[in-house]
file structure08.cif (mmCIF, C-alpha atoms)
data_protein
loop_
_atom_site.group_PDB
_atom_site.id
_atom_site.type_symbol
_atom_site.label_atom_id
_atom_site.label_comp_id
_atom_site.auth_asym_id
_atom_site.auth_seq_id
_atom_site.Cartn_x
_atom_site.Cartn_y
_atom_site.Cartn_z
ATOM 1 C CA MET A 231 52.098 112.976 68.370
ATOM 2 C CA GLY A 232 55.621 112.575 66.987
ATOM 3 C CA GLU A 233 58.864 113.246 68.841
ATOM 4 C CA GLN A 234 59.279 116.489 66.897
ATOM 5 C CA ASP A 235 55.958 117.708 68.386
ATOM 6 C CA VAL A 236 57.048 117.138 71.998
ATOM 7 C CA THR A 237 57.863 120.181 74.090
ATOM 8 C CA ARG A 238 60.755 119.546 76.466
ATOM 9 C CA ILE A 239 61.561 121.409 79.674
ATOM 10 C CA PRO A 240 64.589 121.225 81.965
ATOM 11 C CA LEU A 241 64.204 119.005 85.017
ATOM 12 C CA ASP A 242 64.087 120.812 88.365
ATOM 13 C CA HIS A 243 66.586 118.893 90.517
ATOM 14 C CA ASN A 244 65.477 120.955 93.536
ATOM 15 C CA ASP A 245 62.027 119.345 93.379
ATOM 16 C CA ALA A 246 61.439 117.102 96.410
ATOM 17 C CA CYS A 247 61.102 114.055 94.151
ATOM 18 C CA TRP A 248 64.706 114.575 93.006
ATOM 19 C CA SER A 249 66.370 116.150 96.024
ATOM 20 C CA GLY A 250 66.366 113.042 98.186
ATOM 21 C CA SER A 251 64.612 115.015 100.933
ATOM 22 C CA SER A 252 61.297 113.189 100.635
ATOM 23 C CA ALA A 253 60.255 109.652 101.468
ATOM 24 C CA CYS A 254 60.470 106.963 98.808
ATOM 25 C CA PHE A 255 58.193 108.169 96.012
ATOM 26 C CA ILE A 256 57.459 104.632 94.797
ATOM 27 C CA CYS A 257 56.290 103.616 98.283
ATOM 28 C CA GLU A 258 54.099 106.743 98.274
ATOM 29 C CA VAL A 259 52.612 105.734 94.894
ATOM 30 C CA VAL A 260 51.961 102.208 96.211
ATOM 31 C CA ARG A 261 50.155 103.715 99.235
ATOM 32 C CA GLY A 262 48.021 105.884 96.919
ATOM 33 C CA ASP A 263 49.385 109.223 98.153
ATOM 34 C CA ALA A 264 47.355 112.011 96.502
ATOM 35 C CA ALA A 265 50.528 114.012 95.777
ATOM 36 C CA HIS A 266 51.331 111.447 93.083
ATOM 37 C CA ASP A 267 48.331 111.934 90.802
ATOM 38 C CA LEU A 268 50.535 112.273 87.700
ATOM 39 C CA GLU A 269 51.859 108.768 88.372
ATOM 40 C CA GLN A 270 48.721 107.204 86.930
ATOM 41 C CA LEU A 271 48.354 103.490 87.654
ATOM 42 C CA VAL A 272 48.382 101.299 84.529
ATOM 43 C CA ALA A 273 48.758 97.791 86.038
ATOM 44 C CA GLU A 274 48.876 96.079 89.406
ATOM 45 C CA ASP A 275 49.065 92.566 90.793
ATOM 46 C CA THR A 276 49.631 91.225 94.300
ATOM 47 C CA GLU A 277 53.400 91.903 94.177
ATOM 48 C CA ASN A 278 53.981 94.697 91.641
ATOM 49 C CA ILE A 279 52.702 98.007 90.367
ATOM 50 C CA ALA A 280 53.125 99.867 87.054
ATOM 51 C CA PHE A 281 52.511 103.600 86.675
ATOM 52 C CA LEU A 282 53.305 106.510 84.388
ATOM 53 C CA SER A 283 56.490 108.426 85.137
ATOM 54 C CA ARG A 284 55.961 111.925 86.531
ATOM 55 C CA ASN A 285 59.049 113.195 84.676
ATOM 56 C CA PRO A 286 59.288 111.125 81.510
ATOM 57 C CA THR A 287 62.047 111.762 79.014
ATOM 58 C CA LEU A 288 59.916 109.944 76.428
ATOM 59 C CA VAL A 289 56.139 110.016 76.001
ATOM 60 C CA GLY A 290 54.718 106.771 77.388
ATOM 61 C CA THR A 291 57.425 106.076 79.972
ATOM 62 C CA VAL A 292 56.105 103.679 82.612
ATOM 63 C CA LEU A 293 57.771 102.549 85.832
ATOM 64 C CA VAL A 294 57.254 98.984 87.084
ATOM 65 C CA ALA A 295 58.222 98.209 90.682
ATOM 66 C CA PRO A 296 57.629 95.707 93.437
ATOM 67 C CA LYS A 297 55.109 96.966 95.972
ATOM 68 C CA HIS A 298 57.461 96.075 98.801
ATOM 69 C CA HIS A 299 60.494 98.351 99.140
ATOM 70 C CA HIS A 300 63.467 96.423 97.729
ATOM 71 C CA GLU A 301 66.740 98.129 96.861
ATOM 72 C CA HIS A 302 68.647 95.528 94.850
ATOM 73 C CA VAL A 303 67.193 94.338 91.553
ATOM 74 C CA VAL A 304 68.460 90.760 91.819
ATOM 75 C CA ARG A 305 69.778 90.210 95.345
ATOM 76 C CA ASP A 306 66.586 91.318 97.163
ATOM 77 C CA LEU A 307 64.141 89.279 95.079
ATOM 78 C CA CYS A 308 63.657 85.535 94.994
ATOM 79 C CA GLU A 309 63.611 84.071 91.491
ATOM 80 C CA SER A 310 59.821 83.774 91.315
ATOM 81 C CA SER A 311 59.329 87.408 92.434
ATOM 82 C CA TYR A 312 61.922 88.587 89.908
ATOM 83 C CA LEU A 313 60.256 86.624 87.104
ATOM 84 C CA ASN A 314 56.807 87.959 88.096
ATOM 85 C CA LEU A 315 58.201 91.507 88.000
ATOM 86 C CA MET A 316 59.765 90.891 84.578
ATOM 87 C CA SER A 317 56.505 89.386 83.330
ATOM 88 C CA MET A 318 54.728 92.621 84.223
ATOM 89 C CA VAL A 319 57.494 94.639 82.512
ATOM 90 C CA TYR A 320 56.954 92.560 79.361
ATOM 91 C CA ARG A 321 53.145 92.838 79.372
ATOM 92 C CA VAL A 322 53.153 96.583 80.049
ATOM 93 C CA ALA A 323 55.852 97.218 77.412
ATOM 94 C CA ARG A 324 53.763 95.347 74.830
ATOM 95 C CA ALA A 325 50.721 97.446 75.784
ATOM 96 C CA VAL A 326 52.715 100.704 75.572
ATOM 97 C CA GLU A 327 53.840 99.705 72.048
ATOM 98 C CA THR A 328 50.205 99.497 70.951
ATOM 99 C CA VAL A 329 49.479 103.011 72.272
ATOM 100 C CA VAL A 330 52.670 104.978 71.521
ATOM 101 C CA SER A 331 54.499 104.925 68.189
ATOM 102 C CA THR A 332 57.727 103.071 69.012
ATOM 103 C CA GLU A 333 60.881 102.383 67.008
ATOM 104 C CA ARG A 334 62.625 100.629 69.910
ATOM 105 C CA MET A 335 61.638 99.868 73.480
ATOM 106 C CA TYR A 336 64.191 100.736 76.151
ATOM 107 C CA LEU A 337 63.990 98.712 79.383
ATOM 108 C CA LEU A 338 66.193 99.954 82.211
ATOM 109 C CA SER A 339 66.628 99.431 85.909
ATOM 110 C CA LEU A 340 68.006 102.688 87.255
ATOM 111 C CA GLY A 341 68.323 104.380 90.633
ATOM 112 C CA SER A 342 70.921 104.479 93.369
ATOM 113 C CA GLN A 343 71.218 104.136 97.126
ATOM 114 C CA GLN A 344 71.389 107.942 97.280
ATOM 115 C CA LEU A 345 68.185 108.623 95.371
ATOM 116 C CA HIS A 346 65.367 106.445 94.055
ATOM 117 C CA SER A 347 66.681 103.350 95.813
ATOM 118 C CA HIS A 348 63.394 101.415 95.400
ATOM 119 C CA VAL A 349 63.891 98.806 92.665
ATOM 120 C CA HIS A 350 62.068 99.791 89.495
ATOM 121 C CA TRP A 351 62.221 99.212 85.770
ATOM 122 C CA GLN A 352 61.622 101.984 83.259
ATOM 123 C CA ILE A 353 59.757 101.190 80.081
ATOM 124 C CA ALA A 354 60.747 103.974 77.685
ATOM 125 C CA PRO A 355 59.436 103.904 74.086
ATOM 126 C CA LEU A 356 61.817 105.522 71.605
ATOM 127 C CA PRO A 357 59.701 107.143 68.887
ATOM 128 C CA PRO A 358 60.528 106.607 65.208
ATOM 129 C CA GLY A 359 62.744 109.130 63.477
ATOM 130 C CA VAL A 360 64.975 110.236 66.359
ATOM 131 C CA PRO A 361 68.485 110.702 64.909
ATOM 132 C CA TYR A 362 70.970 108.167 66.288
ATOM 133 C CA PRO A 363 73.132 110.759 68.157
ATOM 134 C CA ASP A 364 69.985 111.796 70.077
ATOM 135 C CA GLN A 365 69.017 108.234 71.056
ATOM 136 C CA GLN A 366 69.958 105.987 73.973
ATOM 137 C CA HIS A 367 71.731 107.757 76.838
ATOM 138 C CA HIS A 368 71.156 111.224 75.401
ATOM 139 C CA ILE A 369 67.372 110.998 75.106
ATOM 140 C CA LEU A 370 67.024 109.159 78.439
ATOM 141 C CA SER A 371 69.070 111.670 80.419
ATOM 142 C CA ALA A 372 66.924 113.476 82.976
ATOM 143 C CA ALA A 373 69.572 116.201 83.015
ATOM 144 C CA ASN A 374 68.934 116.772 79.295
ATOM 145 C CA SER A 375 65.205 117.494 79.466
ATOM 146 C CA VAL A 376 61.835 116.006 80.267
ATOM 147 C CA VAL A 377 58.453 115.993 78.608
ATOM 148 C CA PRO A 378 56.127 118.171 80.666
ATOM 149 C CA GLY A 379 53.259 116.232 82.195
ATOM 150 C CA ALA A 380 49.681 117.395 82.446
ATOM 151 C CA GLN A 381 47.063 115.629 84.533
ATOM 152 C CA GLU A 382 44.604 115.229 81.663
ATOM 153 C CA ASP A 383 47.362 113.838 79.405
ATOM 154 C CA ALA A 384 48.441 111.351 82.093
ATOM 155 C CA VAL A 385 44.880 110.171 82.697
ATOM 156 C CA GLY A 386 44.194 109.667 78.975
ATOM 157 C CA LEU A 387 47.473 107.866 78.323
ATOM 158 C CA ALA A 388 46.986 105.597 81.352
ATOM 159 C CA GLU A 389 43.457 104.730 80.174
ATOM 160 C CA GLN A 390 44.793 103.764 76.732
ATOM 161 C CA ILE A 391 47.535 101.559 78.223
ATOM 162 C CA ARG A 392 45.073 99.868 80.620
ATOM 163 C CA ALA A 393 42.739 99.187 77.686
ATOM 164 C CA ALA A 394 45.610 97.688 75.677
ATOM 165 C CA LEU A 395 46.490 95.453 78.642
ATOM 166 C CA ALA A 396 42.865 94.342 78.981
ATOM 167 C CA ASN A 397 42.733 93.446 75.272
ATOM 168 C CA ALA A 398 46.026 91.527 75.286
#
call {"tool": "encode", "arguments": {"input": "structure08.cif", "output": "structure tokens"}}
result
Amino acid sequence: MGEQDVTRIPLDHNDACWSGSSACFICEVVRGDAAHDLEQLVAEDTENIAFLSRNPTLVGTVLVAPKHHHEHVVRDLCESSYLNLMSMVYRVARAVETVVSTERMYLLSLGSQQLHSHVHWQIAPLPPGVPYPDQQHHILSAANSVVPGAQEDAVGLAEQIRAALANA
């Protein structure tokens, strides 16, 4: 499926995941909360977890986060924990590239103390052929639009990424 085939919808900032009125969604994913079934698990080790984004701006967007709630990407992690987290980011990004057609891989650590304070990295595969003015900040902006998620799509994509990780 190419970028031109993707249907985009506006993000609902009143949704509990975006309003700041709910508990930390990453901690809920780590606990296995059933409300987060679209956040399909793709990788896990003793310290970190990787899962599909519920509201991706690009098909194949995966979030990688420490299992323990940390709020500062460098300050809250010892060097070995940071390097282990980055190792998972690297391995998952390589697996995503084998599953999703990718011109460039964006790796970002976003969030704020006001919303989504749990440290996480986004792996966001830019598909080939996106005109330059529509790349980078524009295509990654949640305010711009998101790719709608469907449970069956999330399950299938997660299975493909897990298989790519297993074959790496």
call {"tool": "residues_around", "arguments": {"input": "structure08.cif", "residues": "segment 309-324 of chain A", "least_positions_apart": "2", "cutoff": "9 Å", "atoms": "all atoms listed in the file", "output": "PyMOL selection string"}}
result
chain A and resi 272-275+277-280+292-296+303-304+307+326-328+335+337+351-355+391-392+394-395+398
call {"tool": "residues_around", "arguments": {"input": "structure08.cif", "residues": "Leu268 of chain A", "least_positions_apart": "5", "cutoff": "10 Å", "atoms": "only C-alpha atoms", "output": "JSON, numbers by chain"}}
result
{"A": [259, 281, 282, 283, 284, 285, 379, 380, 381, 382, 383, 384, 385, 388]}
call {"tool": "atom_distance", "arguments": {"input": "structure08.cif", "atom1": "atom CA of His348 of chain A", "atom2": "atom CA of Ile256 of chain A"}}
result
6.8 Å
call {"tool": "atom_distance", "arguments": {"input": "structure08.cif", "atom1": "atom CA of Glu269 of chain A", "atom2": "atom CA of His368 of chain A"}}
result
23.4 Å
call {"tool": "closest_residue", "arguments": {"input": "structure08.cif", "among": "A:Ala325, A:Val349, A:Leu338, A:Ala372", "to": "Asn397 of chain A", "atoms": "all atoms listed in the file"}}
result
A:Ala325
call {"tool": "atom_distance", "arguments": {"input": "structure08.cif", "atom1": "atom CA of Cys257 of chain A", "atom2": "atom CA of Ser347 of chain A"}}
result
10.7 Å
